[in-house]
Amino acid sequence: MSAFSEVVGQEPAVAALESQLARTGGAGSTLVVGPEGVGRFLLARCAAASILGPAVRSDLTVLESSAGIDGVRAAREALARKPLEGPRQVLILRDADRFSHEAHNAMLKTLEEPPADASIFLIARGAEFLPETVVSRCRVVRARPLSDAQCAALTGLDEDLAADAEGSPGRAVFHAASGAAVEATAVLEMLDRPAGDPLGRVDKLARRKSGEESKEHRNRMVEVLRVVAARLRRRLPDEEGRLRLVVEALGSIQANANAPIVFSELVLDPWKKTPKN
């Protein structure tokens with residue numbers, strides 16, 4: 001059975017990785033790029049399993065962006081050690097595009113001249129989110145969005161909800177679990193039919209949930225607007241104007257603007273423009 005048997009909808013990426021592993025045995029550095037939630041980490045894990053076999057538990061290091069510069073230094077030390085059981089030490093850098101500039105610099109020498117028995121996989125949204133000095137030292141493999149039918153089959157959601165995630169099964173699951181899909185429906189209702197108590201409804205939608213951290217709150221609001229944008233895209237060309245406003249609001253929140261304020265301005269806009277009796 002192929003080490004990539006779990007992967008769905010990424011045939012070109014799997015073919016590229018299998019060809020690369022056959023040529024190199026896993027030596028060197030590989031950058032796996034693509035939208036979040038489409039299986040980038042799964043691809044890297046399967047590649048690691050293909051390289052290491054049963055030794056995947058002992059000779060694999062997975063580094064999160066939250067580990068910071070100290071985590072990068074520890075990972076470099078791990079790569080420099082001889083493998084415990086398998087043929088190589090394998091390092092996976094999750095969300096490599098979210099590592100600090102200092103962390104990227106700390107990895108450059110290792111990326112340029114990795115130990116002979118080491119394999120490195122970086123995961124990112126796109127090469128453009130990483131320094132060119134990092135990208136130039138890696139082979140690039142691209143993961144792509146899945147079809148709505150594939151997302152639905154993988155998540156157990158109906159195709160309309162899967163379509164909201166625009167090809168990302170991971171995002172579709174988050175939308176369902178976090179309530180982002182339900183909240184997006186409420187936002188679209190306000191944009192379509194501004195009426196009632198807009199301030200109260202906006203406050204309810206923008207309020208942080210019990211136990212929710214500030215970062216989690218921002219992420220959820222980003223995903224709510226992504227669902228709204230996905231649904232408006234399916235209404236094009238009729239919704240071009242409102243889609244532009246939603247995309248602008250989404251960009252502002254992602255650029256660390258005050259999320260509740262941006263969100264409120266967006267959903268109150270049509271209410272302000274509605275003639276009052």
# chains A, B, ... in the order shown; residues from 1 in each chain; ligands from 1
>>> residues_around(residues="Thr61 of chain A", least_positions_apart="2", cutoff="9 Å", atoms="only C-alpha atoms", output="number ranges by chain")
A: 57-59, 63, 75, 78-79, 89-93
>>> select_by_dssp(residues="segment 82-268 of chain A", states="alpha helix (DSSP H)", output="ChimeraX atom specification")
/A:101-112,132-135,148-155,159-164,169-178,180-192,198-206,214-233,240-254,259-268
>>> write_last_selection(atoms="C-alpha atoms", output="short mmCIF file (atom, residue, chain, number, x, y, z; two decimals), in the first residue's frame")
data_model
loop_
_atom_site.label_atom_id
_atom_site.label_comp_id
_atom_site.auth_asym_id
_atom_site.auth_seq_id
_atom_site.Cartn_x
_atom_site.Cartn_y
_atom_site.Cartn_z
CA HIS A 101 12.24 36.55 10.21
CA GLU A 102 14.82 35.50 12.81
CA ALA A 103 13.59 31.90 12.69
CA HIS A 104 13.83 31.88 8.89
CA ASN A 105 17.38 33.19 9.06
CA ALA A 106 18.27 30.53 11.62
CA MET A 107 17.14 27.81 9.19
CA LEU A 108 18.93 29.14 6.10
CA LYS A 109 22.25 27.36 6.59
CA THR A 110 20.48 24.07 7.33
CA LEU A 111 18.27 24.46 4.25
CA GLU A 112 21.26 25.24 2.08
CA GLU A 132 13.13 34.27 -1.38
CA THR A 133 16.29 33.02 0.33
CA VAL A 134 14.20 30.22 1.89
CA VAL A 135 12.21 29.36 -1.25
CA ASP A 148 -16.97 20.44 -3.62
CA ALA A 149 -17.88 16.77 -4.02
CA GLN A 150 -14.53 15.65 -2.57
CA CYS A 151 -14.90 18.07 0.35
CA ALA A 152 -18.40 16.78 1.03
CA ALA A 153 -17.29 13.15 0.89
CA LEU A 154 -14.36 13.75 3.24
CA THR A 155 -16.25 15.81 5.80
CA GLU A 159 -22.19 20.06 -0.91
CA ASP A 160 -23.52 23.55 -0.17
CA LEU A 161 -21.66 23.67 3.15
CA ALA A 162 -18.61 22.08 1.56
CA ALA A 163 -18.72 24.72 -1.19
CA ASP A 164 -18.46 27.45 1.47
CA PRO A 169 -11.98 20.17 3.90
CA GLY A 170 -10.21 21.39 7.04
CA ARG A 171 -11.89 24.77 6.75
CA ALA A 172 -15.27 23.14 6.09
CA VAL A 173 -14.99 21.16 9.33
CA PHE A 174 -14.03 24.31 11.23
CA HIS A 175 -16.99 26.21 9.77
CA ALA A 176 -19.40 23.54 10.96
CA ALA A 177 -17.81 23.04 14.40
CA SER A 178 -17.31 26.72 15.26
CA ALA A 180 -19.12 30.10 11.40
CA ALA A 181 -21.50 28.69 8.76
CA VAL A 182 -24.57 29.58 10.86
CA GLU A 183 -23.22 33.04 11.65
CA ALA A 184 -22.49 33.64 7.97
CA THR A 185 -26.14 32.92 7.21
CA ALA A 186 -27.14 35.57 9.77
CA VAL A 187 -24.71 38.09 8.22
CA LEU A 188 -26.09 37.48 4.73
CA GLU A 189 -29.63 37.95 6.04
CA MET A 190 -28.61 41.33 7.47
CA LEU A 191 -26.94 42.31 4.21
CA ASP A 192 -29.98 41.19 2.21
CA PRO A 198 -29.39 45.96 13.78
CA LEU A 199 -27.21 47.03 16.71
CA GLY A 200 -28.42 44.14 18.83
CA ARG A 201 -27.92 41.61 16.06
CA VAL A 202 -24.47 42.96 15.20
CA ASP A 203 -23.46 42.87 18.87
CA LYS A 204 -24.60 39.27 19.15
CA LEU A 205 -22.68 38.22 16.05
CA ALA A 206 -19.49 40.12 16.92
CA SER A 214 -8.90 36.89 21.39
CA LYS A 215 -6.99 35.07 18.62
CA GLU A 216 -9.70 32.41 18.36
CA HIS A 217 -12.34 35.15 18.14
CA ARG A 218 -10.49 36.88 15.32
CA ASN A 219 -10.01 33.59 13.47
CA ARG A 220 -13.71 32.75 13.77
CA MET A 221 -14.75 36.16 12.46
CA VAL A 222 -12.32 35.77 9.56
CA GLU A 223 -13.90 32.43 8.71
CA VAL A 224 -17.44 33.87 8.97
CA LEU A 225 -16.50 36.48 6.37
CA ARG A 226 -14.80 33.86 4.20
CA VAL A 227 -18.06 31.90 4.13
CA VAL A 228 -20.00 35.09 3.29
CA ALA A 229 -17.53 35.85 0.48
CA ALA A 230 -17.78 32.29 -0.87
CA ARG A 231 -21.57 32.51 -1.01
CA LEU A 232 -21.45 35.92 -2.68
CA ARG A 233 -19.02 34.59 -5.28
CA GLU A 240 -19.87 42.10 -7.19
CA GLY A 241 -20.26 45.29 -5.15
CA ARG A 242 -21.06 43.58 -1.87
CA LEU A 243 -18.39 40.96 -2.43
CA ARG A 244 -15.83 43.75 -2.77
CA LEU A 245 -16.92 45.21 0.61
CA VAL A 246 -16.72 41.82 2.30
CA VAL A 247 -13.26 41.11 0.86
CA GLU A 248 -12.07 44.53 2.02
CA ALA A 249 -13.41 43.88 5.52
CA LEU A 250 -11.77 40.46 5.54
CA GLY A 251 -8.44 41.99 4.52
CA SER A 252 -8.69 44.63 7.26
CA ILE A 253 -9.28 42.01 9.96
CA GLN A 254 -6.42 39.87 8.67
CA ALA A 259 -12.33 42.85 14.20
CA PRO A 260 -15.65 43.72 15.92
CA ILE A 261 -15.51 47.31 14.61
CA VAL A 262 -14.74 46.25 11.03
CA PHE A 263 -17.40 43.57 11.22
CA SER A 264 -19.98 46.00 12.60
CA GLU A 265 -19.28 48.63 9.95
CA LEU A 266 -19.78 46.03 7.24
CA VAL A 267 -23.11 44.64 8.38
CA LEU A 268 -24.53 48.00 9.45
#
>>> atom_distance(atom1="atom CA of Ala96 of chain A", atom2="atom CA of Asp117 of chain A")
21.6 Å
>>> select_by_dssp(residues="segment 50-237 of chain A", states="strand (DSSP E)", output="MDAnalysis selection string")
chainID A and resid 60:63 89:93 118:124 139:142
>>> atom_distance(atom1="atom CA of Ala49 of chain A", atom2="atom CA of Val32 of chain A")
15.7 Å
>>> closest_residue(among="A:Leu43, A:Leu84, A:Pro54, A:Glu212", to="Ala16 of chain A", atoms="only C-alpha atoms")
A:Leu43
>>> closest_residue(among="A:Pro145, A:Gly156, A:Trp271, A:Arg207", to="Gly34 of chain A", atoms="only C-alpha atoms")
A:Pro145
>>> atom_distance(atom1="atom CA of Gly86 of chain A", atom2="atom CA of Arg23 of chain A")
18.2 Å
>>> residues_around(residues="Cys46 of chain A", least_positions_apart="5", cutoff="9 Å", atoms="only C-alpha atoms", output="list of chain:residue names")
A:Ala3, A:Phe4, A:Ser5, A:Glu6, A:Val7, A:Phe41, A:Ile51
>>> closest_residue(among="A:Ala47, A:Val33, A:Ala27, A:Val140", to="Ile123 of chain A", atoms="only C-alpha atoms")
A:Val33
